[in-house]
Each structure stands twice: as structure tokens, then as C-alpha cells.
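Trainee: One structure is given below, represented as C-alpha cells, and several questions about it will come after.
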Amino acid sequence: MQHALALAAQHLGATAENPCVGCVIVKGGTIIGEGVTGLGGRPHAEVIALNAAGAQARGADMYVTLEPCAHTGKTPPCAEALIATGVARVFIACVDPDTRVSGRGISLLRAAGMDVELGLCEAQAKKQHRGFFRRLTHGLPHVTMKIATSADGFMGAQRAPFITGEVARTHGQSLRAHAGAIITGVQTVIDDDPKLTCRIPGLEGRNPVRIILDRSLRTPLDRYVVKTAGEIPTYIFTSDEAMQTSAALDLRERGVNLVVLEQNIRITNHELLTTILREAAKLNLTHVLIEAGPTLSQAFLQANLVDALYWYQSPQALGDAGTHPLIHPPHLRGREGRGDLLKGDDSSTSPPPNLPPQGGEGLSAASESSLLAEDTLRVYQMASCLPD
Ligand SMILES: NC(=O)c1ccc[n+]([C@@H]2O[C@H](COP(=O)([O-])OP(=O)(O)OC[C@H]3O[C@@H](n4cnc5c(N)ncnc54)[C@H](OP(=O)(O)O)[C@@H]3O)[C@@H](O)[C@H]2O)c1
């Protein structure tokens with residue numbers, strides 16, 4: 001099952017509306033077939049593994065990170081494929097909360113005389129599937145945020161395109177490969193003209209959908225995200241008022257999808273940002289990555305709507321050249337104990353400005369200083385108010 005979980009981790013965040021599942025088939029102590037849900041959500045992991053095992057699957061054991069599906073969607077039910085191939089025993093990490101499947105896949109297998117064992121590595125699997133589970137049960141995605149700051153807390157710099165070095169930026173792109181969508185603010189699009197793509201060799205094309213928060217449709221038409229909207233799905237979440245302007249027509253003509261947020265003038269920021277996340281989930285997005293300037297980053301952090309924060313910190317102070325300070329230090333309250341996160345030696349670095357020292361009350365952080373040549377990456381598992 002550990003191997004099945006590791007397989008699933010490869011495509012996590014890149015299987016659209018489908019769960020990202022790992023599957024391994026074992027016979028006589030040898031792996032005879034394995035699979036992970038295909039990019040975009042198909043084919044299903046079980047089918048890939050069964051095809052690889054072929055006739056050898058008869059009498060074998062299958063390890064799968066989620067209950068095999070029991071309904072006919074765009075593909076036939078995996079449970080039936082398993083029965084047809086004569087797999088003898090199935091280890092399932094956790095039950096699928098999808099009402100079309102939940103418990104039914106297991107019942108089908110048991111009714112066919114298969115030995116089904118439920119709950120192997122369940123906690124790990126549930127953690128891996130938590131974006132999918134949350135979207136199905138609460139209509140919300142899993143939320144990751146990445147920010148980069150200078151040593152003195154600035155998120156922007158005059159006359160310098162980047163705050164951090166190449167290794168940190170590449171690592172940031174790897175987060176994109178595991179996100180269904182990037183959420184950013186219109187000001188970042190105006191100032192930086194970001195590509196918001198993953199350009200890591202071997203992972204090119206793992207480009208998340210883009211969501212730009214832009215209440216008055218200020219997004220310039222000459223920006224990369226608009227020019228490439230025909231290739232990479234691009235959404236602007238905006239207001240009803242802005243939809244009456246010519247900018248709406250211009251953006252639509254270029255293939256940008258406009259989503260109107262039902263905004264009540266008295267709505268709190270927490271409610272508004274939650275609505276934004278709900279709209280993302282309605283687009284079948286399970287994992288979103290927030291990559292914005294301090295305005296939106298702080299808003300999401302203060303609303304407690306972030307599950308994991310990746311914070312790249314440069315050793316360089318910017319002084320007078322710094323712009324866009326991260327004014328209000330995010331309220332970082334840890335959900336898990338120290339040491340459960342990424343490993344790395346952080347002994348040579350001091351805590352980010354305005355933050356309690358590591359190990360402070362409720363704070364959970366680890367750094368990847370070994371990974372980054374000069375910059376430090378701290379990863380915080382947040383005490384998000386989003387449901388599990
Ligand atoms: N170091 C980093 O990690 C990093 C990452 C990204 C960007 N940046 C830098 O950040 C700078 C831009 O920062 P920023 O703070 O001005 O921009 P931002 O956070 O990217 O975008 C802010 C804009 O988002 C729009 N918005 C829509 N809905 C919102 C909501 N509910 N709450 C708040 N804002 C909402 C607002 O414009 P409307 O009111 O017009 O909708 C607001 O002006 C850029 O210069 C860029 O270089 C740094």
C-alpha cells in the first residue's frame with residue numbers, strides 16, 4: 001500500500017475531478033502490475049494495473065488507495081473489471097465518499113466472492129485524498145499558498161524581477177504541477193505578467209487552470225494569461241457590475257471565462273474568500289495554489305483559509321528597494337507537531353521577521369535549506385478553518 005500511495009503522489013492535483021488513486025497488484029511476492037490515475041483523471045489506476053498484470057491477475061492481491069468505483073461514468077466500473085480478471089484479494093485503504101460509489105464498490109467485490117480488507121494505511125490515504133474528500137463532502141478545495149519574501153519581509157522589489165533564486169523558483173513550479181488551479185490577484189497580473197505555468201523538464205504541460213480575482217476587470221489584454229487563455233483554461237472571478245463593461249466582451253473574445261461572484265455588499269472577507277473557493281470547487285478543482293501579492297495572500301491567511309503555506313525566504317534584505325511588504329504577519333497556528341513535515345536543517349537560519357521562533361506555541365514549521373542553494377523554504381501546516 002505504501003507503494004500505491006507513492007504512485008498516487010505523482011499525479012496528485014492533476015487528475016481533474018477524479019480522485020488520484022494508486023494501485024499495485026502482487027502475486028507470489030512480486031509486483032505484476034501497477035498504476036496511477038492518468039493525468040486529467042483517466043484511465044483509472046486499477047485498469048492500468050490490471051492491464052499490466054494481464055492473465056497473471058487471476059488469484060493475485062490488489063492494493064488500492066481508494067475503493068474501486070462501482071458506477072459507469074466516462075469509463076466502466078473498476079469493480080467489475082476486477083471481478084472479471086479474477087483477483088482474489090483486495091486491500092482498500094479507504095472508502096470513497098462519492099455517493100455513487102460509497103460502499104457499493106466493496107459490496108460488489110464481496111458479492112463476487114472476493115476477500116476485501118478495508119483500512120490498510122487508511123489515515124495516510126485519507127490525508128492524500130483530502131482535497132477530493134473535501135470537495136465532495138463540503139464543496140471546497142484543499143488550499144496551498146506560496147509566498148516569497150526578502151529577509152526584511154518584502155514581497156516585491158524595484159528593478160529586480162525576482163526575490164528568490166532559481167532553485168526556489170523551480171521548487172515553486174513543482175507546486176504548480178500538483179495544483180488544479182492557481183489563484184492570483186489582478187495586481188500581480190498587471191505588475192508581473194506571470195506565466196503561471198510549470199516549466200520543469202519532464203513536467204511541462206502540468207499547467208494548472210488560472211483564476212484571477214479582478215473585481216473591475218482591470219486585467220490588461222496584452223498579458224500572457226490572456227494571450228494563452230485558448231491553451232490553458234483561464235477564469236476571472238469578477239463582479240456583476242464589471243460584466244456590463246466592454247472589458248468583459250474583450251476578455252471573453254480572447255477565451256477568458258468570466259465567473260460572477262454573488263457579492264453582497266455586507267459580506268465579510270471570510271465569506272467572500274470562501275465563496276471564491278466554493279466557485280473553484282464547482283469547477284471541479286480539488287487542489288488550489290494561491291500565488292498572489294500581499295493583499296490577497298494576507299486576506300486568505302487572516303481568514304484562516306489556507307491548509308499549507310510554502311514560504312521561501314531570501315537571505316537578502318532589500319531595504320529601500322523593497323516593495324509590497326507583508327505587513328500583517330500571518331497568524332500561523334500549527335495543526336501538526338514539529339517533525340512531521342519536510343526534513344531539512346534549519347539551524348543556520350533565523351525565523352522569518354515577525355514570526356514566533358520555531359517550536360513556538362502552536363507553530364509547526366520545517367525548512368528545506370538543503371534543497372535550496374541560498375533561500376530557505378519553510379512549510380507550515382496551517383490550522384485552517386476549512387473542514388476535513
Ligand atoms: N513574492 C511573492 O511571493 C509574490 C507573489 C505574487 C506577487 N507578488 C508581487 O505582489 C505585487 C502585487 O501585490 P498586491 O498585493 O498589490 O496584489 P495581489 O494580491 O496579487 O492582488 C490584489 C488585487 O486583487 C483584487 N481582489 C479581488 N478580490 C479580492 C479580495 N477578496 N480581497 C483582496 N483583493 C481582491 C483587488 O483588485 P480589484 O479590487 O481591482 O479586484 C486587489 O487589488 C506585485 O508587484 C508582485 O510582484 C509577489
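Every chain in the C-alpha cells takes a letter, A first, then B, and so on in the order presented; its residues are numbered from 1, and the ligands are numbered from 1 following the presented order.
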Go through chain A and flag each residue having an atom no more than 8 Å from ligand 1; for those, report the closest pair of atoms plus their distance in Å to one decimal, using only C-alpha atoms and all ligand atoms, ordered by chain and rising number, as a tab-separated table.

Mentor:
residue	atom	partner	partner_atom_place_in_ligand_line	distance
A:Lys146	CA	ligand 1	3 (O)	6.4
A:Ile147	CA	ligand 1	3 (O)	3.5
A:Ala148	CA	ligand 1	3 (O)	3.7
A:Thr149	CA	ligand 1	1 (N)	5.3
A:Phe154	CA	ligand 1	1 (N)	7.3
A:Met155	CA	ligand 1	1 (N)	3.7
A:Gly156	CA	ligand 1	47 (O)	4.8
A:Ala157	CA	ligand 1	47 (O)	7.3
A:Pro161	CA	ligand 1	47 (O)	7.7
A:Phe162	CA	ligand 1	1 (N)	7.7
A:Ile163	CA	ligand 1	1 (N)	6.3
A:Thr184	CA	ligand 1	20 (O)	5.5
A:Gly185	CA	ligand 1	21 (O)	3.3
A:Val186	CA	ligand 1	21 (O)	5.0
A:Gln187	CA	ligand 1	17 (O)	4.2
A:Thr188	CA	ligand 1	20 (O)	4.0
A:Val189	CA	ligand 1	20 (O)	7.1
A:Ile190	CA	ligand 1	44 (C)	7.8
A:Asp191	CA	ligand 1	45 (O)	4.9
A:Asp192	CA	ligand 1	47 (O)	5.5
A:Ile212	CA	ligand 1	27 (C)	7.8
A:Leu213	CA	ligand 1	27 (C)	4.2
A:Asp214	CA	ligand 1	41 (O)	3.6
A:Arg215	CA	ligand 1	41 (O)	3.5
A:Ser216	CA	ligand 1	40 (O)	5.2
A:Leu217	CA	ligand 1	40 (O)	7.0
A:Arg218	CA	ligand 1	40 (O)	6.3
A:Phe237	CA	ligand 1	27 (C)	7.8
A:Thr238	CA	ligand 1	41 (O)	7.2
A:Asn269	CA	ligand 1	31 (N)	6.2
A:Leu272	CA	ligand 1	31 (N)	6.1
A:Leu273	CA	ligand 1	31 (N)	5.8
A:Glu291	CA	ligand 1	5 (C)	5.3
A:Ala292	CA	ligand 1	6 (C)	3.8
A:Gly293	CA	ligand 1	10 (O)	3.3
A:Pro294	CA	ligand 1	15 (O)	4.0
A:Thr295	CA	ligand 1	15 (O)	3.6
A:Leu296	CA	ligand 1	19 (O)	3.9
A:Ser297	CA	ligand 1	19 (O)	6.1
A:Ala299	CA	ligand 1	32 (N)	6.1
A:Tyr312	CA	ligand 1	3 (O)	7.9
A:Thr323	CA	ligand 1	45 (O)	7.6
A:His324	CA	ligand 1	11 (C)	6.0

Trainee: Export C-alpha atoms of the chosen residues as a compact mmCIF listing (two decimals), in the first residue's frame?

Mentor:
# COMPACT_ATOMS: atom_id res chain seq x y z
CA LYS A 146 3.23 30.01 -1.74
CA ILE A 147 4.92 33.28 -0.93
CA ALA A 148 8.44 34.59 -1.34
CA THR A 149 9.87 37.35 0.82
CA PHE A 154 9.14 42.42 1.22
CA MET A 155 7.26 40.51 -1.48
CA GLY A 156 8.32 42.81 -4.32
CA ALA A 157 11.48 44.67 -5.34
CA PRO A 161 12.21 40.69 -11.29
CA PHE A 162 12.64 38.05 -8.59
CA ILE A 163 13.02 37.89 -4.82
CA THR A 184 -3.83 35.15 -8.14
CA GLY A 185 -4.78 38.80 -7.87
CA VAL A 186 -5.21 41.20 -10.75
CA GLN A 187 -2.42 43.43 -9.43
CA THR A 188 0.10 40.63 -9.79
CA VAL A 189 -1.03 40.07 -13.38
CA ILE A 190 -0.69 43.81 -14.08
CA ASP A 191 2.72 44.21 -12.39
CA ASP A 192 4.48 40.94 -13.21
CA ILE A 212 -7.60 35.77 -11.45
CA LEU A 213 -9.51 37.76 -8.84
CA ASP A 214 -10.36 41.01 -10.54
CA ARG A 215 -13.50 42.82 -9.40
CA SER A 216 -13.47 45.56 -12.04
CA LEU A 217 -11.88 43.65 -14.94
CA ARG A 218 -8.62 45.60 -14.95
CA PHE A 237 -13.75 35.91 -10.93
CA THR A 238 -15.38 39.30 -11.06
CA ASN A 269 -13.99 39.00 3.71
CA LEU A 272 -16.19 36.35 0.13
CA LEU A 273 -12.97 34.33 0.06
CA GLU A 291 0.23 32.76 -5.67
CA ALA A 292 -0.58 36.39 -5.14
CA GLY A 293 0.79 39.62 -3.74
CA PRO A 294 0.46 40.63 -0.10
CA THR A 295 -3.12 41.92 -0.42
CA LEU A 296 -4.68 38.60 -1.32
CA SER A 297 -2.13 36.43 0.48
CA ALA A 299 -6.54 38.16 3.17
CA TYR A 312 10.51 30.97 0.52
CA THR A 323 8.06 46.95 -2.21
CA HIS A 324 4.86 45.20 -1.17

Trainee: Among the residues of region 79-135 of chain A, find those DSSP assigns to alpha helix (DSSP H) from the backbone and print them as a count of residues only.

Mentor: 28

Trainee: Skip region 103-107 of chain A itself and residues of its chain fewer than 4 positions away, then list as an MDAnalysis selection string all residues within 10 Å of it, counting only C-alpha atoms.

Mentor: chainID A and resid 66:71 77:80 90 92 94:99 111:118

Trainee: With only C-alpha atoms as the counted atoms, please give the residues lying no more than 6 Å from region 12-17 of chain A, apart from itself and same-chain residues fewer than 5 positions off, as a list in words.

Mentor: Leu39, Gly40, Gly41, His178, Ala179, Gly180, Asn284 and His287 of chain A

Trainee: How many Å lie between CA of Ser150 (chain A) and CA of Gly319 (chain A), rounded to one decimal?

Mentor: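 So the two atoms, CA of Ser150 (chain A) and CA of Gly319 (chain A), lie 9.3 Å apart.
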
Trainee: Residues within 8 Å of Ala93 (chain A), please, as a PyMOL selection string. Count only C-alpha atoms; anything in the same chain fewer than 4 positions from it doesn't count.

Mentor: chain A and resi 1+63-67+118-122+125

Trainee: Do you have the CA of Gln124 (chain A)-CA of Ala6 (chain A) distance handy?

Mentor: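 Computing it gives 10.7 Å between the two atoms.
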
Trainee: Would you mind listing what lies within 7 Å of Glu46 (chain A) as a PyMOL selection string, with only C-alpha atoms counted and same-chain residues fewer than 4 positions away left out?

Mentor: chain A and resi 23+35+50+78

Trainee: Kindly export the residues of the current selection with N, CA and C atoms, as a PDB file, in the first residue's frame.

Mentor:
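Dumped everything to result.pdb:
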ATOM      1  N   CYS A  23      -2.464   2.068  -7.433  1.00  0.00           N
ATOM      2  CA  CYS A  23      -2.883   0.657  -7.373  1.00  0.00           C
ATOM      3  C   CYS A  23      -1.683  -0.252  -7.686  1.00  0.00           C
ATOM      4  N   GLY A  35      -0.360   1.036 -11.204  1.00  0.00           N
ATOM      5  CA  GLY A  35      -0.916   2.156 -11.967  1.00  0.00           C
ATOM      6  C   GLY A  35      -1.267   3.325 -11.075  1.00  0.00           C
ATOM      7  N   LEU A  50      -4.355  -3.626 -13.890  1.00  0.00           N
ATOM      8  CA  LEU A  50      -4.893  -4.909 -14.380  1.00  0.00           C
ATOM      9  C   LEU A  50      -4.383  -5.207 -15.784  1.00  0.00           C
ATOM     10  N   CYS A  78     -14.672   0.063 -12.249  1.00  0.00           N
ATOM     11  CA  CYS A  78     -13.432  -0.692 -11.992  1.00  0.00           C
ATOM     12  C   CYS A  78     -13.736  -1.972 -11.225  1.00  0.00           C
TER      13      CYS A  78
END

Trainee: Between A:Thr245, A:Gln158, A:Asn257, A:Thr30, which is the closest to Val226 (chain A) once you count only C-alpha atoms?

Mentor: A:Asn257

Trainee: CA of Ala60 (chain A) and CA of Gly33 (chain A) are how many Å apart?

Mentor: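 Rounded to one decimal, the two atoms are 10.2 Å apart.
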
Trainee: Would you give me, as a ChimeraX atom specification, the residues in region 3-183 of chain A that DSSP reads as strand (DSSP E or B)?

Mentor: /A:22-27,30-36,61-64,89-92,115-118,142-149,154-157,181-183

Trainee: Would you write out those residues with N, CA and C atoms, as a short mmCIF file (atom, residue, chain, number, x, y, z; two decimals), in the first residue's frame?

Mentor:
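Output below, filename selection.cif:
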data_model
loop_
_atom_site.label_atom_id
_atom_site.label_comp_id
_atom_site.auth_asym_id
_atom_site.auth_seq_id
_atom_site.Cartn_x
_atom_site.Cartn_y
_atom_site.Cartn_z
N GLY A 22 -3.69 5.26 -6.44
CA GLY A 22 -2.56 4.39 -6.77
C GLY A 22 -2.98 2.94 -6.60
N CYS A 23 -2.46 2.07 -7.43
CA CYS A 23 -2.88 0.66 -7.37
C CYS A 23 -1.68 -0.25 -7.69
N VAL A 24 -1.56 -1.30 -6.90
CA VAL A 24 -0.46 -2.26 -7.10
C VAL A 24 -1.04 -3.67 -7.05
N ILE A 25 -0.64 -4.54 -7.97
CA ILE A 25 -1.08 -5.94 -7.95
C ILE A 25 0.13 -6.82 -7.68
N VAL A 26 -0.02 -7.69 -6.69
CA VAL A 26 1.10 -8.52 -6.23
C VAL A 26 0.73 -10.00 -6.32
N LYS A 27 1.69 -10.79 -6.79
CA LYS A 27 1.48 -12.26 -6.80
C LYS A 27 2.80 -12.92 -6.43
N THR A 30 5.74 -10.70 -5.79
CA THR A 30 6.27 -9.87 -6.88
C THR A 30 5.18 -8.93 -7.39
N ILE A 31 5.57 -7.70 -7.68
CA ILE A 31 4.61 -6.76 -8.28
C ILE A 31 4.44 -7.14 -9.75
N ILE A 32 3.19 -7.43 -10.12
CA ILE A 32 2.94 -7.82 -11.52
C ILE A 32 2.17 -6.74 -12.29
N GLY A 33 1.75 -5.72 -11.59
CA GLY A 33 1.07 -4.62 -12.27
C GLY A 33 0.92 -3.44 -11.32
N GLU A 34 1.00 -2.24 -11.87
CA GLU A 34 0.80 -1.06 -11.01
C GLU A 34 0.26 0.08 -11.86
N GLY A 35 -0.36 1.04 -11.20
CA GLY A 35 -0.92 2.16 -11.97
C GLY A 35 -1.27 3.32 -11.08
N VAL A 36 -1.34 4.48 -11.71
CA VAL A 36 -1.80 5.70 -11.03
C VAL A 36 -2.82 6.33 -11.98
N ASP A 61 -3.22 -10.47 -5.37
CA ASP A 61 -3.67 -9.48 -4.38
C ASP A 61 -3.57 -8.09 -5.00
N MET A 62 -4.60 -7.27 -4.76
CA MET A 62 -4.53 -5.88 -5.23
C MET A 62 -4.50 -4.95 -4.02
N TYR A 63 -3.67 -3.92 -4.12
CA TYR A 63 -3.61 -2.87 -3.10
C TYR A 63 -4.04 -1.57 -3.78
N VAL A 64 -5.08 -0.94 -3.27
CA VAL A 64 -5.58 0.26 -3.93
C VAL A 64 -5.92 1.32 -2.88
N ARG A 89 -7.86 -11.16 -3.77
CA ARG A 89 -7.94 -10.39 -2.52
C ARG A 89 -7.67 -8.92 -2.83
N VAL A 90 -8.45 -8.06 -2.20
CA VAL A 90 -8.26 -6.63 -2.45
C VAL A 90 -8.08 -5.90 -1.13
N PHE A 91 -6.99 -5.18 -1.01
CA PHE A 91 -6.75 -4.32 0.16
C PHE A 91 -7.10 -2.89 -0.26
N ILE A 92 -8.07 -2.31 0.43
CA ILE A 92 -8.54 -0.96 0.09
C ILE A 92 -8.21 -0.04 1.26
N ASP A 115 -12.11 -11.57 -1.35
CA ASP A 115 -11.73 -11.27 0.03
C ASP A 115 -11.34 -9.78 0.06
N VAL A 116 -12.12 -8.94 0.76
CA VAL A 116 -11.83 -7.49 0.77
C VAL A 116 -11.40 -7.07 2.17
N GLU A 117 -10.21 -6.45 2.24
CA GLU A 117 -9.70 -5.95 3.53
C GLU A 117 -9.70 -4.43 3.46
N LEU A 118 -10.39 -3.80 4.38
CA LEU A 118 -10.53 -2.34 4.35
C LEU A 118 -9.70 -1.69 5.46
N HIS A 142 -8.76 21.80 -1.38
CA HIS A 142 -7.59 21.91 -0.49
C HIS A 142 -6.80 23.15 -0.93
N VAL A 143 -6.31 23.93 0.04
CA VAL A 143 -5.70 25.22 -0.32
C VAL A 143 -4.24 25.27 0.12
N THR A 144 -3.36 25.47 -0.85
CA THR A 144 -1.94 25.67 -0.58
C THR A 144 -1.61 27.10 -0.98
N MET A 145 -0.71 27.72 -0.26
CA MET A 145 -0.25 29.07 -0.65
C MET A 145 1.26 29.08 -0.73
N LYS A 146 1.77 29.81 -1.71
CA LYS A 146 3.23 30.01 -1.74
C LYS A 146 3.51 31.50 -1.75
N ILE A 147 4.48 31.88 -0.92
CA ILE A 147 4.92 33.28 -0.93
C ILE A 147 6.44 33.32 -0.88
N ALA A 148 6.99 34.38 -1.42
CA ALA A 148 8.44 34.59 -1.34
C ALA A 148 8.67 35.97 -0.75
N THR A 149 9.56 36.04 0.22
CA THR A 149 9.87 37.35 0.82
C THR A 149 11.39 37.53 0.91
N PHE A 154 9.81 41.85 2.39
CA PHE A 154 9.14 42.42 1.22
C PHE A 154 8.80 41.32 0.21
N MET A 155 7.66 41.49 -0.44
CA MET A 155 7.26 40.51 -1.48
C MET A 155 7.56 41.03 -2.88
N GLY A 156 7.98 42.26 -3.01
CA GLY A 156 8.32 42.81 -4.32
C GLY A 156 9.60 43.64 -4.19
N ALA A 157 10.25 43.89 -5.36
CA ALA A 157 11.48 44.67 -5.34
C ALA A 157 11.53 45.58 -6.56
N ALA A 181 -5.48 24.40 -9.88
CA ALA A 181 -5.61 25.81 -10.27
C ALA A 181 -4.69 26.69 -9.45
N ILE A 182 -4.29 27.80 -10.06
CA ILE A 182 -3.58 28.85 -9.32
C ILE A 182 -4.55 30.00 -9.17
N ILE A 183 -4.64 30.53 -7.96
CA ILE A 183 -5.44 31.73 -7.74
C ILE A 183 -4.47 32.90 -7.56
#

Trainee: Skipping near chain neighbours, those fewer than 4 positions away, what residues fall within 9 Å of Asp240 (chain A) using only C-alpha atoms, listed as a PyMOL selection string?

Mentor: chain A and resi 215+244+260-263

Trainee: Output N, CA and C atoms for every residue in that selection, as a CSV table (one decimal), in the first residue's frame.

Mentor:
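Contents of again.csv, as written:
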chain,number,residue,atom,x,y,z
A,215,ARG,N,-12.1,42.4,-9.5
A,215,ARG,CA,-13.5,42.8,-9.4
A,215,ARG,C,-14.0,43.8,-10.5
A,244,GLN,N,-20.9,44.4,-17.2
A,244,GLN,CA,-21.6,45.4,-18.1
A,244,GLN,C,-20.6,46.2,-18.9
A,260,VAL,N,-19.1,35.3,-12.3
A,260,VAL,CA,-19.6,36.4,-11.5
A,260,VAL,C,-19.8,35.9,-10.0
A,261,LEU,N,-19.2,36.6,-9.1
A,261,LEU,CA,-19.3,36.2,-7.7
A,261,LEU,C,-20.6,36.9,-7.2
A,262,GLU,N,-21.4,36.1,-6.5
A,262,GLU,CA,-22.6,36.8,-5.9
A,262,GLU,C,-22.2,37.6,-4.7
A,263,GLN,N,-21.9,38.8,-4.9
A,263,GLN,CA,-21.4,39.6,-3.8
A,263,GLN,C,-22.4,40.5,-3.1

Trainee: Can you work out which one of A:Pro387, A:Thr164, A:Arg176, A:Leu305 has the shortest atom-to-atom distance to Ile276 (chain A), counting only C-alpha atoms?

Mentor: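 Checking each of A:Pro387, A:Thr164, A:Arg176, A:Leu305 against Ile276 (chain A), counting only C-alpha atoms, the winner is A:Leu305.
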